[in-house]
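This is upload-v1.tsv (TSV, C-alpha atoms).
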chain	number	residue	atom	x	y	z
X	1317	MET	CA	8.96	-44.65	-4.33
X	1318	ALA	CA	11.72	-43.22	-2.15
X	1319	LYS	CA	11.06	-42.92	1.58
X	1320	ILE	CA	12.76	-40.75	4.21
X	1321	THR	CA	11.96	-41.46	7.86
X	1322	ILE	CA	12.66	-38.98	10.67
X	1323	SER	CA	13.29	-40.28	14.19
X	1324	TYR	CA	13.21	-37.87	17.14
X	1325	ARG	CA	12.24	-37.59	20.76
X	1326	ARG	CA	9.28	-35.28	21.36
X	1327	ASP	CA	10.55	-33.78	24.62
X	1328	ASP	CA	13.95	-33.17	23.05
X	1329	SER	CA	13.54	-31.62	19.59
X	1330	MET	CA	9.89	-31.38	18.47
X	1331	ASP	CA	10.00	-27.74	17.30
X	1332	ILE	CA	13.07	-27.92	15.07
X	1333	THR	CA	12.02	-31.37	13.85
X	1334	GLY	CA	8.87	-29.71	12.53
X	1335	ARG	CA	10.98	-27.18	10.60
X	1336	ILE	CA	13.21	-29.95	9.22
X	1337	PHE	CA	10.13	-31.96	8.20
X	1338	ASP	CA	8.63	-28.95	6.40
X	1339	ARG	CA	11.83	-28.29	4.42
X	1340	LEU	CA	12.18	-31.93	3.42
X	1341	THR	CA	8.53	-32.21	2.36
X	1342	SER	CA	8.83	-29.04	0.30
X	1343	ARG	CA	11.72	-30.72	-1.52
X	1344	TYR	CA	10.55	-34.34	-1.79
X	1345	GLY	CA	6.78	-34.23	-1.12
X	1346	ARG	CA	4.67	-35.43	1.80
X	1347	GLU	CA	4.37	-38.89	0.30
X	1348	THR	CA	8.14	-39.33	0.68
X	1349	VAL	CA	8.93	-37.96	4.16
X	1350	PHE	CA	7.57	-39.68	7.30
X	1351	ARG	CA	7.74	-38.97	11.01
X	1352	ASP	CA	5.83	-39.93	14.16
X	1353	ILE	CA	6.07	-43.64	13.36
X	1354	ASP	CA	5.61	-44.27	17.07
X	1355	SER	CA	1.94	-43.21	16.74
X	1356	ILE	CA	0.91	-46.83	17.09
X	1357	PRO	CA	-2.71	-48.04	17.20
X	1358	PRO	CA	-3.66	-49.64	20.53
X	1359	GLY	CA	-3.14	-53.37	20.86
X	1360	LEU	CA	-0.37	-53.71	18.25
X	1361	ASP	CA	3.17	-54.85	18.93
X	1362	PHE	CA	5.06	-51.55	18.60
X	1363	ARG	CA	8.26	-53.39	17.69
X	1364	GLU	CA	6.60	-54.89	14.61
X	1365	HIS	CA	4.99	-51.56	13.73
X	1366	ILE	CA	8.32	-49.71	13.87
X	1367	GLN	CA	10.09	-52.53	12.03
X	1368	ALA	CA	7.52	-52.35	9.23
X	1369	SER	CA	7.90	-48.57	9.01
X	1370	ILE	CA	11.68	-48.80	8.72
X	1371	GLU	CA	11.55	-51.79	6.36
X	1372	ASP	CA	10.78	-49.74	3.24
X	1373	SER	CA	12.81	-46.65	4.20
X	1374	ASP	CA	15.79	-45.57	2.12
X	1375	VAL	CA	17.30	-43.36	4.82
X	1376	LEU	CA	16.68	-42.69	8.52
X	1377	MET	CA	17.38	-39.20	9.88
X	1378	VAL	CA	17.80	-39.17	13.65
X	1379	VAL	CA	17.34	-35.75	15.27
X	1380	VAL	CA	19.73	-35.62	18.25
X	1381	GLY	CA	19.17	-32.82	20.74
X	1382	PRO	CA	20.59	-32.21	24.22
X	1383	ARG	CA	18.08	-34.67	25.76
X	1384	TRP	CA	18.13	-37.31	23.03
X	1385	MET	CA	19.39	-39.99	25.43
X	1386	GLY	CA	16.18	-39.52	27.40
X	1387	GLY	CA	15.50	-38.96	31.07
X	1388	SER	CA	16.98	-41.29	33.64
X	1389	ARG	CA	15.00	-44.41	34.46
X	1390	HIS	CA	16.22	-46.66	37.26
X	1391	GLY	CA	19.65	-45.08	37.04
X	1392	HIS	CA	19.99	-45.39	33.24
X	1393	PRO	CA	18.99	-43.07	30.35
X	1394	ARG	CA	15.83	-44.03	28.49
X	1395	ILE	CA	17.85	-45.07	25.44
X	1396	HIS	CA	18.96	-48.16	27.40
X	1397	ALA	CA	15.38	-49.35	27.87
X	1398	GLU	CA	14.47	-52.20	25.52
X	1399	THR	CA	11.03	-50.61	25.04
X	1400	ASP	CA	12.39	-47.20	24.01
X	1401	TYR	CA	10.93	-46.24	20.63
X	1402	VAL	CA	13.98	-44.24	19.51
X	1403	ARG	CA	16.31	-47.13	20.30
X	1404	ILE	CA	14.11	-49.57	18.36
X	1405	GLU	CA	13.99	-47.22	15.33
X	1406	VAL	CA	17.77	-46.79	15.23
X	1407	GLU	CA	18.36	-50.51	15.75
X	1408	ALA	CA	15.97	-51.45	12.94
X	1409	ALA	CA	17.69	-49.07	10.51
X	1410	LEU	CA	21.18	-50.25	11.46
X	1411	ASN	CA	20.13	-53.89	10.98
X	1412	ARG	CA	18.86	-53.04	7.50
X	1413	HIS	CA	22.20	-51.34	6.68
X	1414	ILE	CA	20.51	-48.24	5.29
X	1415	PRO	CA	22.05	-44.76	5.72
X	1416	VAL	CA	21.42	-43.44	9.25
X	1417	ILE	CA	22.10	-39.69	9.44
X	1418	PRO	CA	22.35	-38.06	12.89
X	1419	LEU	CA	21.09	-34.44	12.80
X	1420	LEU	CA	22.65	-32.53	15.70
X	1421	VAL	CA	20.41	-29.72	16.97
X	1422	GLY	CA	20.41	-27.37	19.95
X	1423	GLY	CA	24.19	-27.60	20.41
X	1424	ALA	CA	24.09	-31.36	21.03
X	1425	ASP	CA	27.11	-33.63	20.53
X	1426	MET	CA	27.15	-37.19	19.27
X	1427	PRO	CA	26.92	-39.75	22.08
X	1428	GLN	CA	29.97	-41.85	22.83
X	1429	PRO	CA	29.77	-45.58	22.03
X	1430	SER	CA	30.05	-46.39	25.73
X	1431	GLN	CA	26.91	-44.33	26.39
X	1432	LEU	CA	24.76	-46.40	24.03
X	1433	PRO	CA	23.32	-49.92	24.27
X	1434	GLU	CA	25.54	-52.47	22.60
X	1435	ASN	CA	23.15	-53.16	19.72
X	1436	ILE	CA	23.14	-49.50	18.54
X	1437	ARG	CA	26.73	-48.49	19.37
X	1438	GLU	CA	27.44	-48.32	15.63
X	1439	PHE	CA	25.23	-45.22	15.61
X	1440	ALA	CA	27.99	-43.29	17.41
X	1441	TYR	CA	30.25	-43.73	14.37
X	1442	ARG	CA	27.78	-42.36	11.81
X	1443	ASN	CA	28.84	-39.03	10.29
X	1444	ALA	CA	26.56	-36.35	11.73
X	1445	VAL	CA	25.11	-33.18	10.18
X	1446	GLN	CA	24.81	-29.98	12.25
X	1447	ILE	CA	21.43	-28.23	11.89
X	1448	ALA	CA	21.33	-24.81	13.54
X	1449	SER	CA	17.98	-23.22	14.34
X	1450	GLY	CA	19.14	-19.66	13.60
X	1451	ARG	CA	20.24	-17.91	10.44
X	1452	ASP	CA	22.35	-20.90	9.32
X	1453	PHE	CA	19.31	-23.20	9.21
X	1454	ASP	CA	18.75	-22.78	5.46
X	1455	HIS	CA	22.46	-23.27	4.69
X	1456	HIS	CA	22.65	-26.46	6.77
X	1457	MET	CA	19.41	-27.83	5.31
X	1458	ASN	CA	20.62	-27.19	1.77
X	1459	GLY	CA	23.72	-29.28	2.50
X	1460	LEU	CA	21.58	-32.06	3.99
X	1461	ILE	CA	19.27	-32.04	0.97
X	1462	ARG	CA	22.20	-32.31	-1.45
X	1463	ALA	CA	23.54	-35.32	0.46
X	1464	THR	CA	20.07	-36.89	0.60
X	1465	ASP	CA	19.64	-36.42	-3.16
X	1466	LYS	CA	22.76	-38.53	-3.73
X	1467	ILE	CA	21.58	-41.21	-1.29
X	1468	LEU	CA	18.14	-41.50	-2.88
X	1469	LEU	CA	19.57	-41.50	-6.38
X	1470	GLY	CA	21.92	-44.34	-5.41
X	1471	ALA	CA	19.06	-46.28	-3.80
X	1472	GLN	CA	16.90	-45.92	-6.91
X	1473	THR	CA	19.77	-46.98	-9.18
X	1474	SER	CA	20.37	-50.09	-7.06
X	1475	ALA	CA	16.65	-50.91	-7.02
X	1476	ALA	CA	16.45	-50.55	-10.80
X	1477	ALA	CA	19.46	-52.84	-11.27
X	1478	ALA	CA	18.00	-55.41	-8.88
X	1479	SER	CA	14.61	-55.38	-10.60
X	1480	ALA	CA	16.27	-55.90	-13.98
X	1481	GLY	CA	17.77	-59.17	-12.71
X	1482	PRO	CA	20.99	-60.91	-13.79
X	1483	GLY	CA	21.56	-61.19	-17.50
X	1484	THR	CA	18.83	-58.70	-18.33
X	1485	ILE	CA	19.73	-55.81	-20.57
X	1486	ASP	CA	18.05	-52.50	-19.82
X	1487	ARG	CA	17.26	-51.11	-23.24
X	1488	ARG	CA	15.95	-47.78	-21.89
X	1489	PRO	CA	18.76	-46.27	-19.82
X	1490	SER	CA	17.74	-42.73	-20.64
X	1491	ASP	CA	14.19	-43.35	-19.38
X	1492	SER	CA	15.34	-44.77	-16.04
X	1493	LYS	CA	17.77	-41.93	-15.50
X	1494	ALA	CA	15.09	-39.39	-16.33
X	1495	LYS	CA	12.70	-41.05	-13.87
X	1496	ALA	CA	15.28	-41.07	-11.08
X	1497	LYS	CA	16.08	-37.44	-11.71
X	1498	HIS	CA	12.38	-36.55	-11.72
X	1499	GLN	CA	11.88	-38.25	-8.34
X	1500	THR	CA	14.77	-36.48	-6.65
X	1501	THR	CA	14.26	-33.04	-8.17
X	1502	PRO	CA	10.81	-31.41	-8.17
X	1503	ALA	CA	9.70	-30.58	-11.71
X	1504	GLY	CA	10.02	-26.95	-12.57
X	1505	SER	CA	11.71	-26.02	-9.25
X	1506	ALA	CA	14.41	-23.99	-10.98
X	1507	ALA	CA	11.84	-22.12	-13.07
X	1508	GLN	CA	9.69	-21.44	-10.00
X	1509	SER	CA	12.74	-20.16	-8.12
X	1510	SER	CA	13.63	-17.77	-10.93
X	1511	LEU	CA	10.03	-16.56	-11.17
X	1512	PHE	CA	9.89	-15.95	-7.41
X	1513	LEU	CA	13.15	-13.97	-7.38
X	1514	ALA	CA	11.92	-11.87	-10.30
X	1515	LEU	CA	8.61	-11.21	-8.51
X	1516	VAL	CA	10.11	-10.21	-5.16
X	1517	GLY	CA	12.89	-8.25	-6.83
X	1518	SER	CA	10.29	-6.33	-8.79
X	1519	VAL	CA	8.36	-5.53	-5.60
X	1520	MET	CA	11.51	-4.19	-3.96
X	1521	THR	CA	12.41	-2.22	-7.09
X	1522	VAL	CA	8.94	-0.61	-7.23
X	1523	ILE	CA	9.24	0.36	-3.54
X	1524	GLY	CA	12.59	1.94	-4.28
X	1525	LEU	CA	11.36	3.80	-7.35
X	1526	MET	CA	8.35	5.18	-5.46
X	1527	HIS	CA	10.52	6.63	-2.72
X	1528	ILE	CA	13.00	7.98	-5.27
X	1529	ALA	CA	10.08	9.66	-7.06
X	1530	TRP	CA	8.91	11.29	-3.81
X	1531	PHE	CA	12.44	12.43	-3.00
X	1532	THR	CA	12.96	13.84	-6.49
X	1533	SER	CA	9.58	15.62	-6.46
X	1534	ASN	CA	10.27	17.18	-3.06
X	1535	LEU	CA	13.76	18.22	-4.15
X	1536	TRP	CA	12.36	19.85	-7.30
X	1537	SER	CA	9.77	21.78	-5.29
X	1538	ALA	CA	12.33	22.81	-2.67
X	1539	SER	CA	14.74	24.01	-5.36
X	1540	ALA	CA	12.04	26.13	-6.98
X	1541	ALA	CA	11.22	27.69	-3.60
X	1542	GLY	CA	14.86	28.08	-2.55
X	1543	ALA	CA	14.26	25.81	0.46
X	1544	VAL	CA	16.68	22.94	-0.21
X	1545	ALA	CA	18.45	23.49	3.12
X	1546	GLN	CA	15.16	23.31	5.01
X	1547	MET	CA	14.23	20.17	3.10
X	1548	PHE	CA	17.30	18.33	4.31
X	1549	GLN	CA	16.45	19.23	7.89
X	1550	ASP	CA	13.41	16.95	7.62
X	1551	VAL	CA	14.00	13.32	8.65
X	1552	TRP	CA	11.54	12.09	5.99
X	1553	THR	CA	13.91	13.34	3.27
X	1554	TYR	CA	16.59	10.92	4.44
X	1555	ALA	CA	14.01	8.15	4.79
X	1556	ASP	CA	12.96	8.58	1.15
X	1557	MET	CA	16.60	8.60	0.05
X	1558	SER	CA	17.44	5.45	2.04
X	1559	PHE	CA	14.37	3.47	1.04
X	1560	GLY	CA	14.58	4.67	-2.55
X	1561	PHE	CA	18.15	3.85	-3.42
X	1562	GLY	CA	18.30	0.95	-0.96
X	1563	GLY	CA	15.17	-0.65	-2.41
X	1564	LEU	CA	16.51	-0.24	-5.94
X	1565	ILE	CA	19.84	-1.89	-5.09
X	1566	ILE	CA	18.26	-4.72	-3.07
X	1567	GLY	CA	15.59	-5.34	-5.72
X	1568	ILE	CA	18.17	-5.77	-8.47
X	1569	SER	CA	20.27	-7.97	-6.18
X	1570	ILE	CA	17.29	-10.23	-5.41
X	1571	ILE	CA	16.56	-10.62	-9.13
X	1572	THR	CA	20.17	-11.74	-9.65
X	1573	GLY	CA	19.83	-14.24	-6.76
X	1574	ALA	CA	22.18	-12.64	-4.20
X	1575	GLY	CA	21.68	-14.45	-0.89
X	1576	TRP	CA	22.53	-11.43	1.29
X	1577	ALA	CA	19.65	-9.47	-0.23
X	1578	ARG	CA	17.05	-11.55	1.61
X	1579	ILE	CA	17.84	-10.25	5.12
X	1580	SER	CA	18.49	-6.74	3.79
X	1581	GLY	CA	15.14	-6.78	1.98
X	1582	ILE	CA	13.25	-7.89	5.11
X	1583	ILE	CA	14.83	-5.10	7.19
X	1584	LEU	CA	14.20	-2.45	4.52
X	1585	CYS	CA	10.56	-3.52	4.02
X	1586	LEU	CA	9.86	-3.43	7.77
X	1587	LEU	CA	11.46	0.00	8.11
X	1588	ALA	CA	9.67	1.35	5.02
X	1589	ALA	CA	6.24	0.14	6.18
X	1590	SER	CA	6.79	1.57	9.67
X	1591	SER	CA	8.10	4.86	8.29
X	1592	ASN	CA	5.16	5.28	5.90
X	1593	LEU	CA	2.66	4.66	8.69
X	1594	LEU	CA	4.40	7.17	10.97
X	1595	TRP	CA	4.51	9.75	8.18
X	1596	PHE	CA	0.82	9.22	7.42
X	1597	SER	CA	-0.16	9.59	11.10
X	1598	GLU	CA	1.78	12.89	11.24
X	1599	TYR	CA	0.49	14.46	7.99
X	1600	PHE	CA	-2.97	12.93	7.38
X	1601	ASP	CA	-4.81	16.01	8.74
X	1602	ARG	CA	-2.91	18.53	6.62
X	1603	GLY	CA	-4.95	18.26	3.45
X	1604	LEU	CA	-2.60	15.98	1.55
X	1605	PRO	CA	-3.39	15.17	-2.11
X	1606	ARG	CA	-5.31	11.93	-2.57
X	1607	LEU	CA	-2.65	10.60	-4.93
X	1608	MET	CA	-0.01	10.97	-2.18
X	1609	LEU	CA	-2.20	9.08	0.32
X	1610	VAL	CA	-2.84	6.28	-2.17
X	1611	GLY	CA	0.88	6.06	-2.96
X	1612	THR	CA	1.81	5.85	0.72
X	1613	GLY	CA	-0.75	3.10	1.29
X	1614	LEU	CA	0.44	1.18	-1.77
X	1615	ALA	CA	4.09	1.43	-0.70
X	1616	SER	CA	3.20	0.12	2.77
X	1617	LEU	CA	1.21	-2.76	1.27
X	1618	LEU	CA	4.07	-3.70	-1.07
X	1619	ALA	CA	6.49	-3.62	1.87
X	1620	ALA	CA	4.26	-5.97	3.87
X	1621	VAL	CA	3.99	-8.36	0.90
X	1622	GLY	CA	7.76	-8.23	0.48
X	1623	VAL	CA	8.35	-9.19	4.14
X	1624	TYR	CA	5.94	-12.13	3.84
X	1625	LEU	CA	7.51	-13.49	0.64
X	1626	LEU	CA	11.09	-13.06	1.85
X	1627	LEU	CA	10.37	-14.69	5.21
X	1628	PHE	CA	8.31	-17.69	4.16
X	1629	HIS	CA	8.84	-18.37	0.46
X	1630	TRP	CA	12.54	-17.78	-0.22
X	1631	PRO	CA	13.60	-20.71	-2.43
X	1632	SER	CA	16.49	-23.06	-1.75
X	1633	PRO	CA	19.49	-22.45	-4.00
X	1634	PRO	CA	19.59	-24.82	-6.97
X	1635	ASP	CA	22.09	-27.70	-6.60
Would you mind writing the structure in this file as structure tokens?
Amino acid sequence: MAKITISYRRDDSMDITGRIFDRLTSRYGRETVFRDIDSIPPGLDFREHIQASIEDSDVLMVVVGPRWMGGSRHGHPRIHAETDYVRIEVEAALNRHIPVIPLLVGGADMPQPSQLPENIREFAYRNAVQIASGRDFDHHMNGLIRATDKILLGAQTSAAAASAGPGTIDRRPSDSKAKAKHQTTPAGSAAQSSLFLALVGSVMTVIGLMHIAWFTSNLWSASAAGAVAQMFQDVWTYADMSFGFGGLIIGISIITGAGWARISGIILCLLAASSNLLWFSEYFDRGLPRLMLVGTGLASLLAAVGVYLLLFHWPSPPD
């Protein structure tokens, strides 16, 4: 089974490391991604514990933040201490000659070779990946996951060749390839992604259609009463128009997988829910029809559901 180990310093990058861990586990599973290997039972030699944890890893990801070198101890950064956990983790991975990927967070730069202990200076030459904590986080993580897929696939291919032994003919190449692909790509992820986009897009489309229906109904009534001009003096008319046609456009865009529609959908849902609540608080004591009250509540509920799904369950783009 493939294994990804994450090395980080708690007082440097704990928060974003948690986000990175969550994204990797959603892709590869909790049985594949490991962190906190320095949680060592009392009485054990922590060097042997860390060495054993790195021994069966296929890749080590080192989260490097602004304070990754560690606070100064006796005039030197903590990374120079022979008992520093992070140093021991990096050294163990370099000695095993497995891929060591620096993940630069918080605007950090790679350390210079002269700043590192001699036995881990090679780390300074490893190609780093920038992981921003803002709106580019998903984009950067998608790139990291694509690179990790290739690393794990290569590791599994090498392991399969080694297990076959010299002079042994593998008579089931299609089976081994299918197994490797299954381990690096979650089964049904593409289907789940399409189902999610269809679901959220439908929610946004329903929100849009409801507001278009209200706008059209009000326009019909205003036309019959000769009060169209007065209708367009009401701010709620423009709200219904914006949420109606905007929700329809964004809903269709989400169904087709447009990346920009996520942020637009979150903003529209928040505005629609807030607008509906304000409208309800202004008109609830004016004898409104029950159907209108139920529709307003339903639209607000759908908007809240849309915000939740778009914020926390937006799928990664398929490779």
From X:Ala1589, X:Ala1538, X:Leu1340, X:Leu1511, residue lying nearest Thr1553 of chain X [only C-alpha atoms]: X:Ala1538
Spatial neighbours of Arg1442 of chain X, max dist 8 Å, only C-alpha atoms, sep filter under 6 positions, as a PyMOL selection string: chain X and resi 1416-1418
Quick one: residues within 8 Å of Arg1351 of chain X, only C-alpha atoms, excluding same-chain residues fewer than 2 positions away - as a PDB file with C-alpha atoms, in the coordinates of the input?
ATOM      1  CA  THR X1321      11.960 -41.460   7.860  1.00  0.00           C
ATOM      2  CA  ILE X1322      12.660 -38.980  10.670  1.00  0.00           C
ATOM      3  CA  SER X1323      13.290 -40.280  14.190  1.00  0.00           C
ATOM      4  CA  PHE X1337      10.130 -31.960   8.200  1.00  0.00           C
ATOM      5  CA  VAL X1349       8.930 -37.960   4.160  1.00  0.00           C
ATOM      6  CA  ILE X1353       6.070 -43.640  13.360  1.00  0.00           C
TER       7      ILE X1353
END
Distance of atom CA of Ala1619 of chain X from atom CA of Met1457 of chain X, expressed in Å to one decimal place: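 It comes out at 27.7 Å.
Of the listed residues X:Arg1451, X:His1527, X:Arg1462, X:Arg1335, the one whose atoms come nearest to Gly1575 of chain X is X:Arg1451, with distances taken using only C-alpha atoms.
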What's the 12 Å shell around Val1544 of chain X, counting all atoms listed in the file, without same-chain residues fewer than 2 positions away, as a CSV table (one decimal) with C-alpha atoms, in the coordinates of the input?
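Here's the written file part25.csv:
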chain,number,residue,atom,x,y,z
X,1531,PHE,CA,12.4,12.4,-3.0
X,1532,THR,CA,13.0,13.8,-6.5
X,1533,SER,CA,9.6,15.6,-6.5
X,1534,ASN,CA,10.3,17.2,-3.1
X,1535,LEU,CA,13.8,18.2,-4.2
X,1536,TRP,CA,12.4,19.8,-7.3
X,1537,SER,CA,9.8,21.8,-5.3
X,1538,ALA,CA,12.3,22.8,-2.7
X,1539,SER,CA,14.7,24.0,-5.4
X,1540,ALA,CA,12.0,26.1,-7.0
X,1541,ALA,CA,11.2,27.7,-3.6
X,1542,GLY,CA,14.9,28.1,-2.6
X,1546,GLN,CA,15.2,23.3,5.0
X,1547,MET,CA,14.2,20.2,3.1
X,1548,PHE,CA,17.3,18.3,4.3
X,1549,GLN,CA,16.4,19.2,7.9
X,1550,ASP,CA,13.4,17.0,7.6
X,1553,THR,CA,13.9,13.3,3.3
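Closest approach to Leu1376 of chain X among X:Ala1543, X:Ile1320, X:Ile1336, X:Ala1397: X:Ile1320, based on only C-alpha atoms.
Comparing X:Ile1436, X:Val1421, X:Ile1579, X:Met1520 by their smallest distance to Ser1616 of chain X, the closest is X:Met1520 (using only C-alpha atoms).
The two atoms in question, atom CA of Gly1560 of chain X and atom CA of Gly1613 of chain X, are spaced 15.9 Å apart.
Here atom CA of Gly1567 of chain X and atom CA of Thr1521 of chain X stand 4.7 Å from one another.
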Got a sec: who's within 12 Å of Arg1412 of chain X, counting only C-alpha atoms, leaving out chain neighbours fewer than 2 positions off, as a short mmCIF file (atom, residue, chain, number, x, y, z; two decimals) with C-alpha atoms, in the coordinates of the input?
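Contents of the output file selection.cif:
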data_model
loop_
_atom_site.label_atom_id
_atom_site.label_comp_id
_atom_site.auth_asym_id
_atom_site.auth_seq_id
_atom_site.Cartn_x
_atom_site.Cartn_y
_atom_site.Cartn_z
CA GLN X 1367 10.09 -52.53 12.03
CA ALA X 1368 7.52 -52.35 9.23
CA SER X 1369 7.90 -48.57 9.01
CA ILE X 1370 11.68 -48.80 8.72
CA GLU X 1371 11.55 -51.79 6.36
CA ASP X 1372 10.78 -49.74 3.24
CA SER X 1373 12.81 -46.65 4.20
CA ASP X 1374 15.79 -45.57 2.12
CA VAL X 1375 17.30 -43.36 4.82
CA LEU X 1376 16.68 -42.69 8.52
CA GLU X 1405 13.99 -47.22 15.33
CA VAL X 1406 17.77 -46.79 15.23
CA GLU X 1407 18.36 -50.51 15.75
CA ALA X 1408 15.97 -51.45 12.94
CA ALA X 1409 17.69 -49.07 10.51
CA LEU X 1410 21.18 -50.25 11.46
CA ILE X 1414 20.51 -48.24 5.29
CA PRO X 1415 22.05 -44.76 5.72
CA VAL X 1416 21.42 -43.44 9.25
#
Mind working out the centre and edge lengths of an axis-aligned box for segment 1413-1429 of chain X, all listed atoms inside, 5 Å added to each side, rounded to one decimal in Å and written as AutoDock Vina command-line options?
--center_x 25.2 --center_y -39.4 --center_z 14.1 --size_x 19.6 --size_y 34.0 --size_z 27.5
Residue among X:Ser1580, X:Thr1572, X:Ser1342, X:Ser1597 lying closest to His1629 of chain X, counting all atoms listed in the file: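 Closest residue, counting all atoms listed in the file: X:Ser1342.
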Nearest-residue call for His1456 of chain X, choices X:Ala1444, X:Arg1394, X:Glu1438, X:Asp1425, using all atoms listed in the file: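 Checking each candidate against His1456 of chain X, we get X:Ala1444 as the closest.
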12 Å contact set for Asp1338 of chain X, all atoms listed in the file, chain neighbours under 4 positions out, as JSON, numbers by chain: {"X": [1322, 1331, 1332, 1333, 1334, 1342, 1343, 1344, 1345, 1346, 1348, 1349, 1350, 1351, 1454, 1457, 1628]}
Write the residues of the preceding selection, restricted to C-alpha atoms, as a PDB file, keeping the file's coordinate frame.
ATOM      1  CA  ILE X1322      12.660 -38.980  10.670  1.00  0.00           C
ATOM      2  CA  ASP X1331      10.000 -27.740  17.300  1.00  0.00           C
ATOM      3  CA  ILE X1332      13.070 -27.920  15.070  1.00  0.00           C
ATOM      4  CA  THR X1333      12.020 -31.370  13.850  1.00  0.00           C
ATOM      5  CA  GLY X1334       8.870 -29.710  12.530  1.00  0.00           C
ATOM      6  CA  SER X1342       8.830 -29.040   0.300  1.00  0.00           C
ATOM      7  CA  ARG X1343      11.720 -30.720  -1.520  1.00  0.00           C
ATOM      8  CA  TYR X1344      10.550 -34.340  -1.790  1.00  0.00           C
ATOM      9  CA  GLY X1345       6.780 -34.230  -1.120  1.00  0.00           C
ATOM     10  CA  ARG X1346       4.670 -35.430   1.800  1.00  0.00           C
ATOM     11  CA  THR X1348       8.140 -39.330   0.680  1.00  0.00           C
ATOM     12  CA  VAL X1349       8.930 -37.960   4.160  1.00  0.00           C
ATOM     13  CA  PHE X1350       7.570 -39.680   7.300  1.00  0.00           C
ATOM     14  CA  ARG X1351       7.740 -38.970  11.010  1.00  0.00           C
ATOM     15  CA  ASP X1454      18.750 -22.780   5.460  1.00  0.00           C
ATOM     16  CA  MET X1457      19.410 -27.830   5.310  1.00  0.00           C
ATOM     17  CA  PHE X1628       8.310 -17.690   4.160  1.00  0.00           C
TER      18      PHE X1628
END
